[in-house]
$ cat input.tsv   # TSV, C-alpha atoms
chain	number	residue	atom	x	y	z
A	778	MET	CA	-125.18	-147.78	-88.22
A	779	THR	CA	-126.45	-150.53	-85.94
A	780	TYR	CA	-126.63	-149.73	-82.23
A	781	SER	CA	-126.00	-152.40	-79.62
A	782	VAL	CA	-128.66	-152.55	-76.90
A	783	ALA	CA	-128.96	-153.99	-73.41
A	784	VAL	CA	-132.33	-154.20	-71.65
A	785	SER	CA	-132.50	-154.69	-67.89
A	786	GLY	CA	-135.65	-155.93	-66.22
A	787	ALA	CA	-136.23	-157.96	-69.38
A	788	SER	CA	-138.47	-160.54	-67.71
A	789	GLY	CA	-141.02	-157.90	-66.63
A	790	TYR	CA	-143.88	-156.25	-68.51
A	791	ALA	CA	-142.13	-152.98	-69.37
A	792	GLY	CA	-138.89	-154.71	-70.30
A	793	GLY	CA	-140.76	-157.21	-72.44
A	794	GLU	CA	-142.60	-154.45	-74.28
A	795	ILE	CA	-139.36	-152.57	-74.93
A	796	LEU	CA	-137.95	-155.78	-76.39
A	797	ARG	CA	-141.04	-156.37	-78.54
A	798	LEU	CA	-140.68	-152.95	-80.12
A	799	LEU	CA	-136.90	-153.13	-80.51
A	800	ALA	CA	-137.14	-156.58	-82.13
A	801	ALA	CA	-138.70	-154.87	-85.16
A	802	HIS	CA	-136.26	-151.93	-85.19
A	803	PRO	CA	-133.82	-152.08	-88.12
A	804	ASP	CA	-131.17	-149.90	-86.47
A	805	VAL	CA	-130.61	-151.82	-83.23
A	806	GLU	CA	-129.23	-155.18	-82.19
A	807	ILE	CA	-130.47	-156.58	-78.89
A	808	ARG	CA	-127.33	-158.14	-77.49
A	809	THR	CA	-128.01	-158.41	-73.77
A	810	VAL	CA	-131.05	-158.96	-71.57
A	811	THR	CA	-130.83	-158.99	-67.79
A	812	ALA	CA	-132.94	-159.82	-64.75
A	813	HIS	CA	-132.55	-160.44	-61.03
A	814	SER	CA	-134.17	-163.61	-59.68
A	815	ASN	CA	-134.76	-164.92	-63.21
A	816	ALA	CA	-131.13	-164.61	-64.32
A	817	GLY	CA	-129.78	-167.72	-65.99
A	818	GLN	CA	-133.09	-168.67	-67.58
A	819	PRO	CA	-134.05	-168.32	-71.26
A	820	LEU	CA	-135.78	-165.06	-72.08
A	821	VAL	CA	-138.66	-166.93	-73.75
A	822	ALA	CA	-139.38	-168.73	-70.49
A	823	HIS	CA	-140.70	-165.38	-69.26
A	824	GLN	CA	-141.56	-163.67	-72.58
A	825	PRO	CA	-142.86	-166.58	-74.67
A	826	HIS	CA	-144.38	-164.22	-77.23
A	827	LEU	CA	-140.92	-162.91	-78.24
A	828	ARG	CA	-140.02	-165.81	-80.54
A	829	SER	CA	-137.43	-163.87	-82.54
A	830	LEU	CA	-135.43	-163.42	-79.32
A	831	ALA	CA	-135.49	-167.07	-78.26
A	832	HIS	CA	-131.70	-167.24	-78.52
A	833	LEU	CA	-131.21	-164.82	-75.59
A	834	THR	CA	-130.56	-165.84	-71.99
A	835	LEU	CA	-131.24	-163.57	-69.05
A	836	GLN	CA	-128.03	-162.45	-67.38
A	837	ASP	CA	-127.49	-160.89	-63.96
A	838	THR	CA	-128.26	-157.19	-63.74
A	839	THR	CA	-124.89	-155.67	-62.91
A	840	PRO	CA	-123.09	-152.55	-64.13
A	841	GLU	CA	-120.46	-154.78	-65.71
A	842	VAL	CA	-123.02	-156.71	-67.78
A	843	LEU	CA	-124.84	-153.52	-68.86
A	844	ALA	CA	-121.65	-151.65	-69.77
A	845	GLY	CA	-120.17	-151.75	-73.26
A	846	HIS	CA	-123.40	-151.15	-75.19
A	847	ASP	CA	-124.44	-148.14	-77.24
A	848	ILE	CA	-127.84	-147.99	-75.54
A	849	VAL	CA	-129.05	-149.29	-72.19
A	850	PHE	CA	-132.73	-149.47	-71.22
A	851	LEU	CA	-133.51	-149.79	-67.52
A	852	ALA	CA	-136.93	-151.31	-66.83
A	853	LEU	CA	-136.57	-151.75	-63.09
A	854	PRO	CA	-138.80	-151.06	-60.09
A	855	HIS	CA	-138.80	-147.50	-58.78
A	856	GLY	CA	-135.76	-146.71	-56.72
A	857	GLN	CA	-133.51	-149.34	-58.31
A	858	SER	CA	-132.25	-147.61	-61.46
A	859	GLY	CA	-130.03	-145.06	-59.78
A	860	GLN	CA	-127.52	-147.61	-58.55
A	861	TYR	CA	-126.83	-148.57	-62.16
A	862	THR	CA	-127.08	-145.20	-63.88
A	863	ASP	CA	-124.32	-143.85	-61.69
A	864	ALA	CA	-122.06	-146.59	-63.04
A	865	LEU	CA	-122.96	-146.17	-66.73
A	866	GLY	CA	-121.20	-142.89	-67.35
A	867	ASP	CA	-119.47	-144.18	-70.49
A	868	THR	CA	-122.68	-145.46	-72.11
A	869	PRO	CA	-123.67	-143.10	-74.96
A	870	LEU	CA	-127.45	-143.34	-74.31
A	871	VAL	CA	-129.28	-144.55	-71.20
A	872	ILE	CA	-133.08	-144.61	-70.98
A	873	ASP	CA	-134.74	-145.21	-67.62
A	874	ALA	CA	-138.30	-146.53	-67.65
A	875	GLY	CA	-138.50	-146.19	-63.86
A	876	ALA	CA	-139.18	-143.08	-61.81
A	877	ASP	CA	-135.66	-142.45	-60.52
A	878	HIS	CA	-134.80	-139.61	-62.91
A	879	ARG	CA	-138.23	-138.06	-63.62
A	880	LEU	CA	-138.72	-135.52	-60.85
A	881	THR	CA	-136.89	-132.21	-60.62
A	882	SER	CA	-137.81	-131.63	-56.98
A	883	SER	CA	-136.04	-133.60	-54.26
A	884	ALA	CA	-138.80	-132.58	-51.83
A	885	GLU	CA	-141.45	-134.15	-54.07
A	886	TRP	CA	-139.34	-137.28	-54.41
A	887	ASP	CA	-139.03	-137.56	-50.64
A	888	ALA	CA	-142.76	-137.03	-50.19
A	889	PHE	CA	-143.95	-139.57	-52.76
A	890	TYR	CA	-141.11	-142.09	-53.15
A	891	GLY	CA	-138.41	-141.74	-50.52
A	892	GLY	CA	-134.87	-143.04	-50.70
A	893	SER	CA	-131.98	-141.57	-52.68
A	894	PHE	CA	-132.81	-138.70	-55.01
A	895	HIS	CA	-131.13	-138.74	-58.43
A	896	GLU	CA	-130.66	-135.93	-60.89
A	897	PRO	CA	-133.52	-135.33	-63.34
A	898	TRP	CA	-133.01	-136.46	-66.92
A	899	THR	CA	-134.61	-135.28	-70.15
A	900	TYR	CA	-138.29	-136.22	-69.96
A	901	GLY	CA	-139.36	-138.71	-72.62
A	902	VAL	CA	-142.70	-137.34	-73.85
A	903	PRO	CA	-141.89	-135.74	-77.22
A	904	GLU	CA	-145.33	-134.21	-77.85
A	905	LEU	CA	-145.59	-132.50	-74.48
A	906	LEU	CA	-145.81	-128.72	-74.66
A	907	VAL	CA	-142.87	-127.09	-72.88
A	908	GLY	CA	-142.30	-123.36	-72.56
A	909	GLY	CA	-143.88	-122.49	-75.90
A	910	GLY	CA	-142.26	-125.42	-77.73
A	911	LYS	CA	-142.29	-129.21	-77.51
A	912	GLN	CA	-140.30	-131.61	-75.36
A	913	ARG	CA	-139.11	-133.14	-78.63
A	914	ASP	CA	-136.59	-130.29	-78.93
A	915	ALA	CA	-134.94	-131.23	-75.63
A	916	LEU	CA	-134.72	-134.89	-76.67
A	917	ARG	CA	-132.62	-134.21	-79.74
A	918	SER	CA	-129.09	-135.36	-78.94
A	919	ALA	CA	-130.07	-136.23	-75.35
A	920	THR	CA	-127.87	-138.85	-73.72
A	921	ARG	CA	-129.98	-139.52	-70.61
A	922	ILE	CA	-133.75	-139.91	-70.92
A	923	ALA	CA	-136.41	-140.54	-68.27
A	924	ALA	CA	-139.35	-142.38	-69.81
A	925	PRO	CA	-142.65	-141.21	-68.30
A	926	GLY	CA	-145.04	-142.72	-65.84
A	927	CYS	CA	-147.95	-144.05	-67.91
A	928	ASN	CA	-150.70	-142.36	-65.90
A	929	ALA	CA	-148.70	-139.15	-65.64
A	930	SER	CA	-148.04	-138.74	-69.35
A	931	THR	CA	-151.66	-139.58	-70.18
A	932	VAL	CA	-153.04	-136.85	-67.93
A	933	SER	CA	-150.31	-134.37	-68.90
A	934	LEU	CA	-150.95	-134.81	-72.63
A	935	SER	CA	-154.68	-134.48	-71.93
A	936	LEU	CA	-154.45	-131.05	-70.30
A	937	ALA	CA	-151.17	-129.41	-71.34
A	938	PRO	CA	-152.71	-127.57	-74.33
A	939	GLY	CA	-155.28	-125.92	-72.06
A	940	VAL	CA	-152.65	-124.91	-69.51
A	941	ALA	CA	-150.23	-123.66	-72.17
A	942	THR	CA	-152.81	-121.40	-73.78
A	943	GLY	CA	-154.49	-120.28	-70.56
A	944	VAL	CA	-157.96	-121.49	-71.51
A	945	ILE	CA	-158.33	-123.70	-68.41
A	946	ASP	CA	-157.64	-123.09	-64.73
A	947	PRO	CA	-155.08	-125.67	-63.49
A	948	GLY	CA	-156.01	-124.98	-59.89
A	949	ASP	CA	-158.97	-127.38	-59.91
A	950	ILE	CA	-158.10	-130.41	-62.05
A	951	VAL	CA	-159.93	-133.68	-61.50
A	952	SER	CA	-158.69	-136.87	-63.19
A	953	VAL	CA	-160.20	-140.33	-62.82
A	954	LEU	CA	-158.49	-143.17	-64.64
A	955	ALA	CA	-159.50	-146.70	-65.51
A	956	VAL	CA	-156.21	-148.63	-65.48
A	957	GLY	CA	-155.21	-152.17	-66.40
A	958	PRO	CA	-153.15	-154.16	-63.86
A	959	SER	CA	-150.08	-154.52	-66.12
A	960	GLY	CA	-149.19	-150.98	-65.08
A	961	ALA	CA	-148.40	-152.34	-61.61
A	962	GLY	CA	-145.71	-154.67	-62.94
A	963	LYS	CA	-145.32	-158.43	-62.95
A	964	SER	CA	-144.56	-159.14	-59.31
A	965	LEU	CA	-147.09	-161.28	-57.47
A	966	LYS	CA	-149.57	-159.21	-55.44
A	967	THR	CA	-152.83	-160.42	-53.95
A	968	ASN	CA	-154.86	-157.44	-55.18
A	969	LEU	CA	-153.76	-158.15	-58.76
A	970	LEU	CA	-154.82	-161.81	-58.83
A	971	ALA	CA	-157.45	-162.60	-61.44
A	972	SER	CA	-159.89	-163.73	-58.77
A	973	GLU	CA	-159.58	-160.32	-57.12
A	974	ILE	CA	-160.00	-158.08	-60.19
A	975	LEU	CA	-162.28	-160.00	-62.56
A	976	GLY	CA	-165.79	-158.62	-62.40
A	977	SER	CA	-164.71	-155.72	-60.20
A	978	ALA	CA	-163.41	-152.15	-60.32
A	979	ASN	CA	-161.11	-151.14	-57.46
A	980	PRO	CA	-159.85	-147.65	-56.65
A	981	TYR	CA	-156.33	-147.32	-55.27
A	982	ALA	CA	-153.96	-144.58	-54.10
A	983	VAL	CA	-157.01	-142.45	-53.29
A	984	GLY	CA	-156.75	-139.02	-51.71
A	985	GLY	CA	-153.68	-137.55	-53.36
A	986	THR	CA	-151.24	-140.35	-52.59
A	987	HIS	CA	-150.44	-141.68	-56.07
A	988	ARG	CA	-146.79	-141.29	-57.02
A	989	HIS	CA	-147.55	-139.87	-60.46
A	990	ILE	CA	-149.13	-136.71	-59.06
A	991	PRO	CA	-145.90	-134.67	-58.75
A	992	GLU	CA	-144.89	-135.78	-62.25
A	993	ILE	CA	-148.18	-134.48	-63.66
A	994	ARG	CA	-147.88	-131.17	-61.84
A	995	GLN	CA	-144.28	-130.79	-63.01
A	996	ALA	CA	-145.24	-131.44	-66.64
A	997	LEU	CA	-148.19	-129.05	-66.59
A	998	ALA	CA	-146.08	-126.33	-64.97
A	999	ALA	CA	-143.51	-126.74	-67.73
A	1000	ALA	CA	-146.22	-126.31	-70.37
A	1001	ARG	CA	-146.58	-122.65	-69.56
A	1002	PRO	CA	-144.73	-120.37	-72.02
A	1003	SER	CA	-143.13	-118.47	-69.14
A	1004	THR	CA	-141.28	-121.55	-67.84
A	1005	GLY	CA	-138.62	-121.38	-70.53
A	1006	SER	CA	-137.12	-124.27	-72.49
A	1007	GLY	CA	-137.83	-127.05	-70.02
A	1008	PRO	CA	-138.33	-128.16	-66.43
A	1009	SER	CA	-136.01	-126.80	-63.77
A	1010	THR	CA	-135.41	-127.69	-60.15
A	1011	ASP	CA	-137.96	-125.00	-59.26
A	1012	SER	CA	-140.94	-126.66	-60.89
A	1013	GLY	CA	-143.43	-123.84	-60.20
A	1014	THR	CA	-146.24	-126.22	-59.34
A	1015	GLN	CA	-147.73	-124.35	-56.38
A	1016	ASP	CA	-150.94	-123.29	-58.14
A	1017	ILE	CA	-151.46	-126.57	-60.00
A	1018	ARG	CA	-153.84	-128.71	-57.96
A	1019	ILE	CA	-155.12	-132.07	-59.08
A	1020	SER	CA	-157.48	-134.63	-57.59
A	1021	PHE	CA	-156.18	-137.86	-59.10
A	1022	THR	CA	-157.96	-141.20	-58.66
A	1023	PRO	CA	-156.92	-144.35	-60.52
A	1024	VAL	CA	-159.28	-147.31	-60.67
A	1025	LEU	CA	-158.04	-150.82	-61.39
A	1026	VAL	CA	-160.28	-152.52	-63.96
A	1027	PRO	CA	-160.20	-156.04	-65.44
A	1028	MET	CA	-158.31	-155.39	-68.69
A	1029	SER	CA	-154.68	-156.44	-69.00
A	1030	ARG	CA	-153.59	-153.27	-70.81
A	1031	GLY	CA	-154.84	-149.77	-71.17
A	1032	ILE	CA	-155.63	-146.45	-69.54
A	1033	LEU	CA	-158.80	-144.44	-70.06
A	1034	ALA	CA	-158.28	-141.09	-68.36
A	1035	THR	CA	-161.15	-138.64	-67.88
A	1036	SER	CA	-159.75	-135.25	-66.87
A	1037	THR	CA	-161.66	-132.05	-66.25
A	1038	ALA	CA	-160.70	-128.47	-65.43
A	1039	PRO	CA	-162.57	-125.15	-65.15
A	1040	ILE	CA	-162.84	-122.90	-68.19
A	1041	VAL	CA	-161.22	-119.48	-67.76
A	1042	GLU	CA	-163.74	-116.66	-67.91
A	1043	GLY	CA	-164.23	-115.11	-71.34
A	1044	VAL	CA	-162.81	-118.02	-73.34
A	1045	SER	CA	-164.91	-119.18	-76.29
A	1046	ASP	CA	-165.64	-122.75	-77.34
A	1047	ALA	CA	-163.68	-122.17	-80.52
A	1048	GLU	CA	-160.64	-121.00	-78.59
A	1049	ILE	CA	-160.77	-124.06	-76.37
A	1050	ARG	CA	-160.85	-126.55	-79.21
A	1051	GLN	CA	-158.23	-124.59	-81.12
A	1052	ALA	CA	-155.82	-125.00	-78.22
A	1053	TRP	CA	-155.84	-128.78	-78.59
A	1054	GLU	CA	-155.96	-128.74	-82.40
A	1055	SER	CA	-152.93	-126.48	-82.56
A	1056	ALA	CA	-151.01	-128.60	-80.06
A	1057	TYR	CA	-151.57	-131.96	-81.73
A	1058	GLY	CA	-152.71	-131.26	-85.29
A	1059	ASP	CA	-149.32	-132.20	-86.74
A	1060	GLU	CA	-148.53	-135.05	-84.37
A	1061	THR	CA	-148.47	-138.67	-85.49
A	1062	PHE	CA	-148.94	-140.39	-82.16
A	1063	VAL	CA	-151.18	-137.95	-80.27
A	1064	GLN	CA	-154.46	-137.40	-82.08
A	1065	LEU	CA	-157.50	-135.30	-81.23
A	1066	LEU	CA	-160.68	-137.01	-82.38
A	1067	PRO	CA	-163.46	-135.15	-84.22
A	1068	GLU	CA	-165.90	-133.19	-82.11
A	1069	GLY	CA	-168.33	-135.52	-80.35
A	1070	SER	CA	-166.05	-138.57	-80.64
A	1071	PHE	CA	-164.33	-140.26	-77.72
A	1072	PRO	CA	-161.76	-143.07	-77.63
A	1073	ARG	CA	-161.85	-146.58	-76.25
A	1074	THR	CA	-158.87	-148.43	-74.84
A	1075	ALA	CA	-159.50	-151.11	-77.48
A	1076	ASP	CA	-158.62	-148.56	-80.16
A	1077	VAL	CA	-155.02	-148.19	-78.96
A	1078	LEU	CA	-154.17	-151.76	-77.96
A	1079	GLY	CA	-150.59	-152.41	-79.07
A	1080	ALA	CA	-150.23	-148.97	-80.65
A	1081	ASN	CA	-148.04	-146.02	-79.76
A	1082	THR	CA	-151.00	-143.68	-79.95
A	1083	ALA	CA	-152.82	-141.46	-77.49
A	1084	LEU	CA	-156.35	-140.72	-78.69
A	1085	LEU	CA	-158.13	-137.71	-77.16
A	1086	GLY	CA	-161.77	-136.71	-77.12
A	1087	LEU	CA	-162.65	-133.18	-76.03
A	1088	ALA	CA	-165.97	-131.96	-74.59
A	1089	ILE	CA	-166.96	-128.48	-73.42
A	1090	ASP	CA	-169.44	-128.61	-70.56
A	1091	ARG	CA	-170.82	-125.08	-70.25
A	1092	ALA	CA	-173.34	-126.10	-67.59
A	1093	ALA	CA	-170.45	-127.05	-65.29
A	1094	ASN	CA	-168.09	-124.52	-66.91
A	1095	ARG	CA	-165.48	-127.23	-67.38
A	1096	VAL	CA	-163.49	-128.82	-70.17
A	1097	THR	CA	-163.48	-132.62	-70.21
A	1098	VAL	CA	-160.76	-134.57	-72.00
A	1099	VAL	CA	-161.00	-138.35	-72.36
A	1100	THR	CA	-157.71	-139.98	-73.38
A	1101	ALA	CA	-156.95	-143.61	-74.19
A	1102	VAL	CA	-153.47	-145.13	-74.32
A	1103	ASP	CA	-151.89	-148.55	-74.10
A	1104	ASN	CA	-150.02	-148.14	-70.83
A	1105	LEU	CA	-147.21	-150.49	-71.93
A	1106	VAL	CA	-146.69	-148.81	-75.32
A	1107	LYS	CA	-147.35	-145.07	-75.46
A	1108	GLY	CA	-147.38	-145.04	-71.68
A	1109	THR	CA	-143.94	-146.63	-71.28
A	1110	ALA	CA	-142.01	-148.63	-73.88
A	1111	GLY	CA	-143.28	-146.78	-76.94
A	1112	ALA	CA	-142.42	-143.44	-75.37
A	1113	ALA	CA	-138.94	-144.78	-74.57
A	1114	VAL	CA	-138.30	-146.03	-78.11
A	1115	GLN	CA	-139.78	-142.89	-79.67
A	1116	SER	CA	-137.48	-140.78	-77.50
A	1117	MET	CA	-134.54	-143.00	-78.46
A	1118	ASN	CA	-135.27	-142.45	-82.14
A	1119	ILE	CA	-135.28	-138.68	-81.65
A	1120	ALA	CA	-132.07	-138.69	-79.60
A	1121	LEU	CA	-130.27	-140.73	-82.26
A	1122	GLY	CA	-131.55	-138.62	-85.15
A	1123	LEU	CA	-133.58	-141.52	-86.58
A	1124	PRO	CA	-137.11	-141.23	-87.99
A	1125	GLU	CA	-139.32	-140.73	-84.95
A	1126	THR	CA	-141.85	-143.33	-86.03
A	1127	ARG	CA	-139.34	-146.14	-86.64
A	1128	ALA	CA	-140.54	-149.48	-85.20
A	1129	LEU	CA	-143.66	-147.77	-83.83
A	1130	SER	CA	-147.20	-148.07	-85.15
A	1131	VAL	CA	-150.35	-145.99	-84.90
A	1132	ASN	CA	-152.40	-149.10	-85.63
A	1133	GLY	CA	-153.89	-151.03	-82.78
A	1134	VAL	CA	-154.92	-154.68	-82.59
A	1135	ALA	CA	-158.60	-155.57	-82.87
A	1136	PRO	CA	-160.80	-157.23	-81.80
$ encode --input "input.tsv" --output "structure tokens"
Amino acid sequence: MTYSVAVSGASGYAGGEILRLLAAHPDVEIRTVTAHSNAGQPLVAHQPHLRSLAHLTLQDTTPEVLAGHDIVFLALPHGQSGQYTDALGDTPLVIDAGADHRLTSSAEWDAFYGGSFHEPWTYGVPELLVGGGKQRDALRSATRIAAPGCNASTVSLSLAPGVATGVIDPGDIVSVLAVGPSGAGKSLKTNLLASEILGSANPYAVGGTHRHIPEIRQALAAARPSTGSGPSTDSGTQDIRISFTPVLVPMSRGILATSTAPIVEGVSDAEIRQAWESAYGDETFVQLLPEGSFPRTADVLGANTALLGLAIDRAANRVTVVTAVDNLVKGTAGAAVQSMNIALGLPETRALSVNGVAP
């Protein structure tokens, strides 16, 4: 069966990456691409690398244009998806790459985003530990999927095994991330100009203000076996505390997240490493590197992989996990397509690669 697909926000970075992956997918047909201010223009005027889709023209983003497809991807700025998802009730599968359907807590939404709160959808991180299982189980036959925030899923995948097994204390997590500017989207902003970021590293959203913080806390709370089969509206995040600092660096793509947390008293080094090996040993796209090895963002460029390096710092009594992802692939579009594959009962790896691009 071939599934018809519409992609909104197709002139942006996330929409373009979704299209790049879907263009190589044998089970889908990209029929419709939409935009706002760029509507009426050829897709390749804004995504010139997508030569196989040169026949497509950007249409207006309206519920009427998006309706009538088997699958709709929404790659819109935060706070804009909800107005369309409410009108797509007859669409068999809708995947939102924005934040509108990620959070289970309306209070957290109000605190970090504001505006209308929309119901939480099935979270699109298949490898994430949830209540003694994996989020993959919840994605099977899902009809509404919330693709993750790239920083949030990177940190959550980094630390969920330690939280799930009780080998780390989630009450004192520190995460510092080197992030490429494509994660901020394609809109023109002074702080993202090349002259502003080249040769510089710039922290932003410092002091607990970044919008991905509640998403991380929600995911780590769900990793505990006692939380049941998945996130609920009572996210149980009260004792999960994280100091989260992203730093904008001059690379177009990529996240390198360094996350640390205290080791629980009495836990051995072998038990710590076993927690991560057990969590990801059978996974294709989330891989724990050999002891003493740590990833680079260059190793995951263009790939749907998250590479993790684990260190045990007994002097500080902390575990350190360094994780590299391509923020546009595993962080966003790749997670969305992987989740789509699972929901449709297709091979999970279809149209997705573990191989990066080098040099």
$ residues_around --input "input.tsv" --residues "Gly1086 of chain A" --least-positions-apart "2" --cutoff "6 Å" --atoms "all atoms listed in the file" --output "CSV table (one decimal) with C-alpha atoms, keeping the file's coordinate frame"
chain,number,residue,atom,x,y,z
A,1066,LEU,CA,-160.7,-137.0,-82.4
A,1070,SER,CA,-166.0,-138.6,-80.6
A,1071,PHE,CA,-164.3,-140.3,-77.7
A,1098,VAL,CA,-160.8,-134.6,-72.0
A,1099,VAL,CA,-161.0,-138.4,-72.4
$ closest_residue --input "input.tsv" --among "A:Val1114, A:Ala1052, A:Leu1087, A:Leu997" --to "Val782 of chain A" --atoms "all atoms listed in the file"
A:Val1114
$ closest_atom_pairs --input "input.tsv" --of "segment 994-1107 of chain A" --to "segment 783-799 of chain A" --cutoff "10 Å" --atoms "all atoms listed in the file" --output "Markdown table"
| residue | atom | partner | partner_atom | distance |
| --- | --- | --- | --- | --- |
| A:Gly1079 | CA | A:Glu794 | CA | 9.5 |
| A:Asn1104 | CA | A:Ala791 | CA | 9.4 |
| A:Leu1105 | CA | A:Ala791 | CA | 6.2 |
| A:Val1106 | CA | A:Glu794 | CA | 7.0 |
$ closest_residue --input "input.tsv" --among "A:Glu896, A:Asp949, A:Asp914, A:Asp847" --to "Leu880 of chain A" --atoms "all atoms listed in the file"
A:Glu896
$ closest_residue --input "input.tsv" --among "A:Ser858, A:Asn1094, A:Thr899, A:Ser1029" --to "Ala961 of chain A" --atoms "all atoms listed in the file"
A:Ser1029
$ residues_around --input "input.tsv" --residues "Thr931 of chain A" --least-positions-apart "2" --cutoff "10 Å" --atoms "only C-alpha atoms" --output "list in words"
Val902, Pro925, Gly926, Cys927, Asn928, Ala929, Ser933, Leu934, Ser935, Leu936, Leu954, Ile993, Ile1032, Leu1033, Ala1034, Thr1035, Ser1036, Ala1083, Leu1084, Leu1085, Val1099, Thr1100, Ala1101, Val1102, Asp1103, Asn1104, Lys1107 and Gly1108 of chain A
$ atom_distance --input "input.tsv" --atom1 "atom CA of Phe850 of chain A" --atom2 "atom CA of Ile872 of chain A"
4.9 Å
$ residues_around --input "input.tsv" --residues "His855 of chain A" --least-positions-apart "6" --cutoff "8 Å" --atoms "all atoms listed in the file" --output "MDAnalysis selection string"
chainID A and resid 875:877
$ closest_residue --input "input.tsv" --among "A:His802, A:His813, A:His878, A:Arg994" --to "Asp863 of chain A" --atoms "all atoms listed in the file"
A:His878
$ closest_residue --input "input.tsv" --among "A:Gln860, A:Ser781, A:Thr1037, A:Ser1116" --to "Arg913 of chain A" --atoms "all atoms listed in the file"
A:Ser1116
$ closest_residue --input "input.tsv" --among "A:Glu841, A:Arg808, A:Ser829, A:Tyr890" --to "Glu992 of chain A" --atoms "all atoms listed in the file"
A:Tyr890
$ atom_distance --input "input.tsv" --atom1 "atom CA of Ala874 of chain A" --atom2 "atom CA of Thr1109 of chain A"
6.7 Å
$ atom_distance --input "input.tsv" --atom1 "atom CA of Leu830 of chain A" --atom2 "atom CA of Pro903 of chain A"
28.5 Å
$ residues_around --input "input.tsv" --residues "Asp946 of chain A" --least-positions-apart "6" --cutoff "9 Å" --atoms "only C-alpha atoms" --output "ChimeraX atom specification"
/A:939-940,1017,1038-1041
$ residues_around --input "input.tsv" --residues "Asn979 of chain A" --least-positions-apart "6" --cutoff "9 Å" --atoms "only C-alpha atoms" --output "PyMOL selection string"
chain A and resi 1023-1026
$ write_last_selection --input "input.tsv" --atoms "C-alpha atoms" --output "PDB file, in the coordinates of the input"
ATOM      1  CA  PRO A1023    -156.920-144.350 -60.520  1.00  0.00           C
ATOM      2  CA  VAL A1024    -159.280-147.310 -60.670  1.00  0.00           C
ATOM      3  CA  LEU A1025    -158.040-150.820 -61.390  1.00  0.00           C
ATOM      4  CA  VAL A1026    -160.280-152.520 -63.960  1.00  0.00           C
TER       5      VAL A1026
END
$ residues_near_point --input "input.tsv" --point "(-138.4, -150.1, -86.5)" --cutoff "10 Å" --atoms "only C-alpha atoms" --output "PyMOL selection string"
chain A and resi 798-805+1114+1118+1123-1130
